[in-house]
Amino acid sequence: MSATQTTPTVATEDAPASRLSRISRLQALQILILLVVTIAVFTALRPDTFLTGFNIRGIVQNTAIYAVLGVGMTFVIITGGIDLSVGSVLVFSGVVADKVMVWYGGQGWATVLVGLVAALASGLAWGLVNGVLVAKAKVPPLVVTLGSLSAALGFAQIITKGLDLRDAPQALVNDIGFGNIVGQVPTIAVVAAVVVVFGIVLLHRTRFGLYTYAIGSNAEAGRRSGVKVERHLIKVYAFAGLLAGFAGLLNLGFFQSTTIGGQSNTPLNVIAGVAIGGTSLFGGIGSVFGTVIGLFIPIVLQNGFIQVGVQPFWQQVVVGAVLVAVVYVDQLRRAAALRGTSPRLPFLSRAGGAGSASRKGSA
Amino acid sequence: MSAVLEARGITKHYGHVEALADANFDVQAGEVVALIGDNGAGKSTLVRILSGAEPADSGEILFDGRPVHLSSPTDARALGMETVFQDLALAPHLSPVQNMYLGREVMRNGLLGKLGFMDAKSMRDGSRAAFDRLGATVRNLNGPVGSMSGGQRQGIAVARAAAWAQKVIFLDEPTAALGVVQTQNVLELVRRVSGEGIGVVFISHSMPHVMEVADRIQVMWRGRRVATYNKADTSMEQLVSAMTGALAQEAS
Amino acid sequence: MKRKSTVIVAVLAAVALGAAACGSDSDGGSNAGGGSDGYELAFVQGVAGDAFYITMECGIKEEAAKQGATVTVQGAQKFDPTLQTPVLQSVIASKPDAILIAPTDVAAMQQPIAQAKAQGIKIVLVDTTLNDPSVAVSAISSDNSAGGKAAFEAIQKLAPNGGKVLGVGVQPGISTTDARDKGFADAAKADSKFTYLGVQYSQNDPAKAASIVSAALQKDPDIVGIFASNLFSAQGSATGIRQAGKQGQVNVVGFDAGPEQIKALQDGTVQALIAQQPGDIGVQGVQQAVKALKGEANEANIQTGSTIITKDTIDSPEGKAAAYKASC
């Protein structure tokens, strides 16, 4: 503990200690308010078209795949890591699932189930590769997942010779990709919602979630308390990979194509949603609920801007500005609440490195 | 009265540097032993070895009179020994309860527990009891410890160690970064812990704190113990002269 | 602290609002509050900011103005169905009378476009198409086969004595470039003065195109013409010709006439360009959309022609008209 952090006075001893937790709740709330305000503004501008069943359905459908990826990404970022490979792993898993379903044959649910197993296994395999390299080989997560981003896409292209596969069985396309579970409620959104609820429970109610926070907060503290930090990191990356694999199957159902050329922006869009949703890129703080709201905001903005008739390029500018502003505000509040947090982005350093972690611990 | 933990002839080299040279040490149940010495005298190295964080090159560690092998902090913890490191090793974003039970979570009964669900209520009750018992001032059991004062954090770290330690606690410079009031709270906490029959090893540079809280004082110099005093029989002058190497041989 | 962040959130909302307001002001084709008499059309580009689609947009806006209709134009940042789908869905939700769209994938865009039809919106496919184009009232595209034939005609003019000709394609399986390559091959085989050496694929990589061409020139030093069916293939082919020291002997014919291709023609990298007529596609697209809205009969399939541009014609009125536009 360094000398600069000495002599807290009696006054701070009496200060309310729950600032940080109130803030993390506040963050999710403020993002929710931002979303509601955005929706209200567009509803006012286009009252006849914006808040219609069709449009809400479209927005929810378009958020669904991102939400599945966002759950895994939230866990990874809470550990202080990052996963750039989700888009490529999604494509790779879609390709493998497509090939396996063609091999199995048929258009029904049995084929979908076989494809599901293939997609989950492919995603899990990439997640394990990421996790082992991050946790055991101590390669920075940014580098590891940049590598698997490239490699997974490369393998997908090798398998397909670069041409998209389009062999999604009818059950997958008609019942999951574009089907409704009841009325006008899209199945793909319900599936994503189940994943989101699972993620919320896992993060906030279980030991798995606690260890995820602990590693992002102070990996060394976890290690000294007997948490198997390396093993847990591997599990977190494997979980993110598993969900990317699942998203690969949903993607195949939604687009009826493996979209090989089409997922290069996906990891960045998902990371942006996670960051807007109040998960700290420094690790230790975050929520799945915030991520979902954070993913909705860019999609709602784009949807609204298109309906109002804003030029496409302006949409990107505004989404970018919202991202930076929201994270800046978040940072300001957090800096005030948690003095002395290391300003270094942890995913640029070795996983759970004792150095940065213990410095944080002494905050 | 026999020592709960005793070290005999511990040596440790870092390359050509001899950090510990035939060091001896002992602590008895229910007493506070201060371990003092100048910078580089080997205090921290000795504590790391006794808490299982590092292996010794040679020497013997006896626990309750039996020789033991400590290959990791987990081994030490299994024997009932806890360490509060200088940098606290708390996770700043987690609450006092979460920190208290990190790595030792209480799981729900039955299937839910097997699925990884934790029993939040029993952990909260357990934490509250532990803090109350030791008089640690923790105002908010749910807030992140990172937003709490240094004194509160130190209190949480010591209380956590005390709650799990059955036999021995190592405290590495627990008062180094604290103000007057917090220091008094921590020293009071140390007294209460030893009052429960736990051996407390208290490393400090601060002679007044040592004189205030310790029952016995062991002085290290250049990698070995050069003196052991009962507090009643010694003075600050004597301690300082021992620390600076005025005694080449181990006293008593 | 709390107040400050609340202020920033408020400012953000204001910025979003402002951008929305500005955007709808500056975009001349906005249909916000469009007249009840004129039809509201929407054009969904394959990719935003591309000369081909901008030229098409110009044709659409011109024709729409004539017909008294308004147009909004939207496109994703990349030629990518995962990005085009949300754009299309938002456009559908804004309830235009008709949508002109260049689908970015024959399969992936099928369902989203079918949704538009289900909402009672008339669909016109422009340039690219779908596996099942019957969801659209009309599909208008370049006659790519004729484009390939035109490329061969360009080589006939540049090398009137005949000789060996080679195709440098992008990759197999792309319907448009496959049709171009086939049109070129059929025309070349039909002319006894020329020998067709087949088509090789560059995978859209200029370096690969260069090595294909230099290897082909090793084997057949007397090649007189190369048809490169997209920009990178053309650039790589020119490099391969330079490597072999055959400049002047081998004529490269490229496809499309965006600013980059025109520049390649001007600096002698290629000797001729086959320009499609995206403006014409746009004009006919609007005509078909309006016909469908009025309940008149549609032509299900319309194919537009192509223009040969050479260094001699590049500055002529015809050449300038054929070149793609960077803005209307």
# chains A, B, ... in the order shown; residues from 1 in each chain; ligands from 1
>>> select_by_dssp(residues="region 64-114 of chain B", states="alpha helix (DSSP H)", output="number ranges by chain")
B: 73-78, 96-101, 110-114
>>> select_by_dssp(residues="region 7-161 of chain B", states="strand (DSSP E or B)", output="PyMOL selection string")
chain B and resi 7-14+17-28+32-37+58-63+66-67+81-84+107+117-118
>>> residues_around(residues="Val91 (chain A)", least_positions_apart="6", cutoff="7 Å", atoms="only C-alpha atoms", output="PyMOL selection string")
chain A and resi 153+156+248+258-260
>>> closest_residue(among="B:Leu189, B:Ala157, B:Ala232, B:Ala177", to="Ser204 (chain B)", atoms="only C-alpha atoms")
B:Ala177
>>> residues_around(residues="Ala56 (chain B)", least_positions_apart="2", cutoff="8 Å", atoms="only C-alpha atoms", output="list in words")
Ile10, Thr11, Lys12, Ile49, Glu54, Ser58 and Gly59 of chain B
>>> write_last_selection(atoms="N, CA, C and O atoms", output="compact mmCIF listing (two decimals), in the first residue's frame")
# COMPACT_ATOMS: atom_id res chain seq x y z
N ILE B 10 15.48 -22.18 9.33
CA ILE B 10 15.00 -21.91 7.97
C ILE B 10 16.04 -21.09 7.19
O ILE B 10 16.52 -20.06 7.67
N THR B 11 16.39 -21.57 6.00
CA THR B 11 17.25 -20.77 5.11
C THR B 11 16.52 -20.56 3.79
O THR B 11 15.71 -21.37 3.37
N LYS B 12 16.84 -19.42 3.19
CA LYS B 12 16.22 -19.09 1.90
C LYS B 12 17.16 -18.18 1.13
O LYS B 12 17.61 -17.16 1.65
N ILE B 49 7.11 -17.90 3.90
CA ILE B 49 7.41 -19.33 4.02
C ILE B 49 6.46 -19.99 5.01
O ILE B 49 5.91 -21.06 4.74
N GLU B 54 5.74 -19.49 -0.17
CA GLU B 54 7.03 -19.82 -0.79
C GLU B 54 7.63 -21.00 -0.05
O GLU B 54 7.44 -21.13 1.15
N SER B 58 15.85 -24.85 3.18
CA SER B 58 16.04 -25.91 4.17
C SER B 58 15.47 -25.45 5.49
O SER B 58 15.11 -24.29 5.67
N GLY B 59 15.36 -26.36 6.42
CA GLY B 59 14.79 -26.03 7.72
C GLY B 59 13.53 -26.81 7.96
O GLY B 59 13.06 -27.57 7.12
>>> closest_atom_pairs(of="chain B", to="chain A", cutoff="8 Å", atoms="only C-alpha atoms", output="CSV")
residue,atom,partner,partner_atom,distance
B:Pro73,CA,A:Arg224,CA,7.1
B:Thr74,CA,A:Gly226,CA,6.6
B:Gln86,CA,A:Met1,CA,6.7
B:Asp87,CA,A:Ser362,CA,5.3
B:Leu88,CA,A:Ser362,CA,6.8
B:Ala89,CA,A:Ala221,CA,4.3
B:Leu90,CA,A:Ala221,CA,5.5
B:Ala91,CA,A:Asn218,CA,4.9
B:Pro92,CA,A:Gly361,CA,6.0
B:His93,CA,A:Ser217,CA,5.6
B:Leu94,CA,A:Ala214,CA,6.9
B:Gln98,CA,A:Leu210,CA,7.8
B:Leu102,CA,A:Ser225,CA,6.1
B:Gly103,CA,A:Val227,CA,5.1
B:Arg104,CA,A:Ser225,CA,7.9
B:Glu105,CA,A:Arg207,CA,7.4
B:Leu115,CA,A:Thr206,CA,8.0
B:Gly116,CA,A:Thr206,CA,5.0
B:Phe117,CA,A:Thr206,CA,4.3
B:Met118,CA,A:Thr206,CA,5.7
B:Arg139,CA,A:Ala17,CA,7.1
B:Asn140,CA,A:Ala17,CA,6.1
B:Asn142,CA,A:Ser18,CA,6.9
B:Gly143,CA,A:Ser18,CA,4.0
B:Pro144,CA,A:Leu20,CA,6.3
B:Val145,CA,A:Ala17,CA,7.7
B:Gly146,CA,A:Leu338,CA,5.8
B:Ser147,CA,A:Leu338,CA,5.3
B:Met148,CA,A:Ala17,CA,5.5
B:Ser149,CA,A:Glu13,CA,5.6
B:Gly150,CA,A:Pro8,CA,6.3
B:Gly151,CA,A:Glu13,CA,7.4
B:Gln152,CA,A:Glu13,CA,7.1
B:Ala177,CA,A:Thr6,CA,4.8
B:Leu178,CA,A:Thr7,CA,5.3
B:Gly179,CA,A:Thr7,CA,4.5
B:Val181,CA,A:Val10,CA,7.3
>>> residues_around(residues="Trp126 (chain A)", least_positions_apart="3", cutoff="9 Å", atoms="only C-alpha atoms", output="VMD selection string")
chain A and resid 85 89 121 to 123 129 to 131 148 152 237 to 238 241 to 242 245
>>> write_last_selection(atoms="N, CA, C and O atoms", output="PDB file, in the first residue's frame")
ATOM      1  N   SER A  85     -13.312 -12.509 -30.751  1.00  0.00           N
ATOM      2  CA  SER A  85     -13.484 -13.615 -31.703  1.00  0.00           C
ATOM      3  C   SER A  85     -14.938 -14.033 -31.883  1.00  0.00           C
ATOM      4  O   SER A  85     -15.217 -14.899 -32.698  1.00  0.00           O
ATOM      5  N   VAL A  89     -16.254 -16.911 -34.448  1.00  0.00           N
ATOM      6  CA  VAL A  89     -16.661 -18.187 -33.863  1.00  0.00           C
ATOM      7  C   VAL A  89     -18.110 -18.475 -34.250  1.00  0.00           C
ATOM      8  O   VAL A  89     -18.470 -19.616 -34.548  1.00  0.00           O
ATOM      9  N   ALA A 121     -20.662 -27.390 -29.780  1.00  0.00           N
ATOM     10  CA  ALA A 121     -19.346 -28.003 -29.634  1.00  0.00           C
ATOM     11  C   ALA A 121     -18.274 -27.143 -30.308  1.00  0.00           C
ATOM     12  O   ALA A 121     -17.193 -26.929 -29.744  1.00  0.00           O
ATOM     13  N   SER A 122     -18.579 -26.617 -31.497  1.00  0.00           N
ATOM     14  CA  SER A 122     -17.594 -25.781 -32.198  1.00  0.00           C
ATOM     15  C   SER A 122     -17.295 -24.531 -31.404  1.00  0.00           C
ATOM     16  O   SER A 122     -16.135 -24.136 -31.241  1.00  0.00           O
ATOM     17  N   GLY A 123     -18.353 -23.880 -30.901  1.00  0.00           N
ATOM     18  CA  GLY A 123     -18.154 -22.656 -30.130  1.00  0.00           C
ATOM     19  C   GLY A 123     -17.366 -22.932 -28.858  1.00  0.00           C
ATOM     20  O   GLY A 123     -16.440 -22.199 -28.505  1.00  0.00           O
ATOM     21  N   VAL A 129     -10.007 -22.834 -26.381  1.00  0.00           N
ATOM     22  CA  VAL A 129      -8.707 -22.407 -26.906  1.00  0.00           C
ATOM     23  C   VAL A 129      -8.380 -21.007 -26.385  1.00  0.00           C
ATOM     24  O   VAL A 129      -7.296 -20.744 -25.850  1.00  0.00           O
ATOM     25  N   ASN A 130      -9.347 -20.100 -26.506  1.00  0.00           N
ATOM     26  CA  ASN A 130      -9.146 -18.744 -25.990  1.00  0.00           C
ATOM     27  C   ASN A 130      -8.790 -18.775 -24.504  1.00  0.00           C
ATOM     28  O   ASN A 130      -7.843 -18.134 -24.061  1.00  0.00           O
ATOM     29  N   GLY A 131      -9.590 -19.526 -23.745  1.00  0.00           N
ATOM     30  CA  GLY A 131      -9.429 -19.539 -22.293  1.00  0.00           C
ATOM     31  C   GLY A 131      -8.079 -20.082 -21.873  1.00  0.00           C
ATOM     32  O   GLY A 131      -7.408 -19.510 -21.007  1.00  0.00           O
ATOM     33  N   SER A 148      -7.776 -15.648 -32.658  1.00  0.00           N
ATOM     34  CA  SER A 148      -8.825 -16.622 -32.965  1.00  0.00           C
ATOM     35  C   SER A 148      -9.885 -15.996 -33.867  1.00  0.00           C
ATOM     36  O   SER A 148     -10.556 -16.719 -34.606  1.00  0.00           O
ATOM     37  N   ALA A 152     -10.488 -18.518 -36.747  1.00  0.00           N
ATOM     38  CA  ALA A 152     -11.806 -19.156 -36.874  1.00  0.00           C
ATOM     39  C   ALA A 152     -12.434 -18.812 -38.225  1.00  0.00           C
ATOM     40  O   ALA A 152     -13.023 -19.659 -38.892  1.00  0.00           O
ATOM     41  N   TYR A 237     -14.249 -17.945 -20.702  1.00  0.00           N
ATOM     42  CA  TYR A 237     -14.052 -17.852 -22.154  1.00  0.00           C
ATOM     43  C   TYR A 237     -14.785 -18.989 -22.872  1.00  0.00           C
ATOM     44  O   TYR A 237     -15.323 -18.818 -23.964  1.00  0.00           O
ATOM     45  N   ALA A 238     -14.800 -20.170 -22.232  1.00  0.00           N
ATOM     46  CA  ALA A 238     -15.517 -21.288 -22.838  1.00  0.00           C
ATOM     47  C   ALA A 238     -17.012 -20.984 -22.910  1.00  0.00           C
ATOM     48  O   ALA A 238     -17.677 -21.298 -23.909  1.00  0.00           O
ATOM     49  N   GLY A 241     -17.615 -18.674 -25.715  1.00  0.00           N
ATOM     50  CA  GLY A 241     -17.514 -19.418 -26.972  1.00  0.00           C
ATOM     51  C   GLY A 241     -18.763 -20.262 -27.221  1.00  0.00           C
ATOM     52  O   GLY A 241     -19.292 -20.305 -28.332  1.00  0.00           O
ATOM     53  N   LEU A 242     -19.237 -20.895 -26.144  1.00  0.00           N
ATOM     54  CA  LEU A 242     -20.441 -21.725 -26.242  1.00  0.00           C
ATOM     55  C   LEU A 242     -21.615 -20.895 -26.752  1.00  0.00           C
ATOM     56  O   LEU A 242     -22.363 -21.315 -27.638  1.00  0.00           O
ATOM     57  N   GLY A 245     -21.275 -20.073 -30.332  1.00  0.00           N
ATOM     58  CA  GLY A 245     -21.680 -21.223 -31.132  1.00  0.00           C
ATOM     59  C   GLY A 245     -23.194 -21.296 -31.266  1.00  0.00           C
ATOM     60  O   GLY A 245     -23.733 -21.516 -32.360  1.00  0.00           O
TER      61      GLY A 245
END
>>> closest_residue(among="A:Ala192, A:Ala335, A:Val329, A:Val132", to="chain C", atoms="only C-alpha atoms")
A:Val329
>>> atom_distance(atom1="CA of Val240 (chain B)", atom2="CA of Phe170 (chain B)")
22.2 Å
>>> residues_around(residues="Lys208 (chain C)", least_positions_apart="6", cutoff="12 Å", atoms="only C-alpha atoms", output="list in words")
Val168, Gly169, Val170, Gln171, Gln200, Tyr201, Ser202, Ser214, Ala215, Phe232, Ser233, Ala234, Gln235, Gly236, Ser237, Ala238, Thr239 and Gly240 of chain C
>>> write_last_selection(atoms="N, CA, C and O atoms", output="compact mmCIF listing (two decimals), in the first residue's frame")
# COMPACT_ATOMS: atom_id res chain seq x y z
N VAL C 168 -10.02 -13.55 -66.39
CA VAL C 168 -9.59 -13.57 -64.99
C VAL C 168 -10.83 -13.24 -64.15
O VAL C 168 -11.28 -12.10 -64.12
N GLY C 169 -11.38 -14.26 -63.50
CA GLY C 169 -12.62 -14.08 -62.74
C GLY C 169 -12.34 -13.76 -61.28
O GLY C 169 -11.19 -13.68 -60.85
N VAL C 170 -13.41 -13.59 -60.50
CA VAL C 170 -13.27 -13.30 -59.07
C VAL C 170 -13.22 -14.63 -58.33
O VAL C 170 -12.20 -15.03 -57.81
N GLN C 171 -14.36 -15.30 -58.26
CA GLN C 171 -14.39 -16.65 -57.72
C GLN C 171 -15.66 -17.29 -58.25
O GLN C 171 -16.63 -16.60 -58.54
N GLN C 200 -9.62 -18.11 -65.13
CA GLN C 200 -8.97 -18.46 -63.86
C GLN C 200 -9.41 -17.47 -62.80
O GLN C 200 -9.75 -16.33 -63.12
N TYR C 201 -9.38 -17.91 -61.54
CA TYR C 201 -10.00 -17.10 -60.49
C TYR C 201 -8.98 -16.45 -59.56
O TYR C 201 -8.09 -17.11 -59.04
N SER C 202 -9.16 -15.17 -59.32
CA SER C 202 -8.19 -14.40 -58.51
C SER C 202 -8.58 -14.32 -57.05
O SER C 202 -7.83 -13.79 -56.25
N SER C 214 0.91 -13.59 -65.19
CA SER C 214 2.30 -13.76 -65.62
C SER C 214 2.59 -15.22 -65.96
O SER C 214 3.32 -15.51 -66.90
N ALA C 215 1.94 -16.14 -65.20
CA ALA C 215 2.13 -17.55 -65.54
C ALA C 215 1.50 -17.88 -66.90
O ALA C 215 2.08 -18.60 -67.72
N PHE C 232 -10.19 -5.48 -58.86
CA PHE C 232 -8.93 -6.05 -58.36
C PHE C 232 -8.32 -7.01 -59.37
O PHE C 232 -7.10 -7.07 -59.55
N SER C 233 -9.17 -7.76 -60.04
CA SER C 233 -8.65 -8.67 -61.07
C SER C 233 -7.96 -7.87 -62.17
O SER C 233 -6.91 -8.26 -62.67
N ALA C 234 -8.57 -6.73 -62.51
CA ALA C 234 -7.99 -5.90 -63.57
C ALA C 234 -6.65 -5.31 -63.14
O ALA C 234 -5.67 -5.33 -63.89
N GLN C 235 -6.61 -4.80 -61.93
CA GLN C 235 -5.35 -4.22 -61.44
C GLN C 235 -4.24 -5.27 -61.41
O GLN C 235 -3.11 -5.01 -61.83
N GLY C 236 -4.58 -6.46 -60.89
CA GLY C 236 -3.59 -7.52 -60.81
C GLY C 236 -3.16 -7.98 -62.19
O GLY C 236 -1.97 -8.24 -62.43
N SER C 237 -4.11 -8.05 -63.13
CA SER C 237 -3.76 -8.47 -64.49
C SER C 237 -2.76 -7.51 -65.10
O SER C 237 -1.77 -7.93 -65.73
N ALA C 238 -2.99 -6.20 -64.90
CA ALA C 238 -2.07 -5.20 -65.46
C ALA C 238 -0.67 -5.37 -64.87
O ALA C 238 0.33 -5.27 -65.57
N THR C 239 -0.60 -5.68 -63.56
CA THR C 239 0.70 -5.90 -62.92
C THR C 239 1.40 -7.11 -63.53
O THR C 239 2.60 -7.07 -63.83
N GLY C 240 0.62 -8.18 -63.76
CA GLY C 240 1.19 -9.38 -64.35
C GLY C 240 1.73 -9.12 -65.74
O GLY C 240 2.78 -9.64 -66.13
>>> residues_around(residues="Gly183 (chain C)", least_positions_apart="5", cutoff="6 Å", atoms="only C-alpha atoms", output="PyMOL selection string")
chain C and resi 145+148-149
>>> atom_distance(atom1="CA of Pro81 (chain C)", atom2="CA of Ile302 (chain C)")
23.9 Å
>>> atom_distance(atom1="CA of Gly197 (chain B)", atom2="CA of Val138 (chain B)")
23.7 Å
>>> closest_residue(among="C:Gly59, C:Pro172, C:Gly120, C:Pro96", to="Thr72 (chain C)", atoms="only C-alpha atoms")
C:Pro96
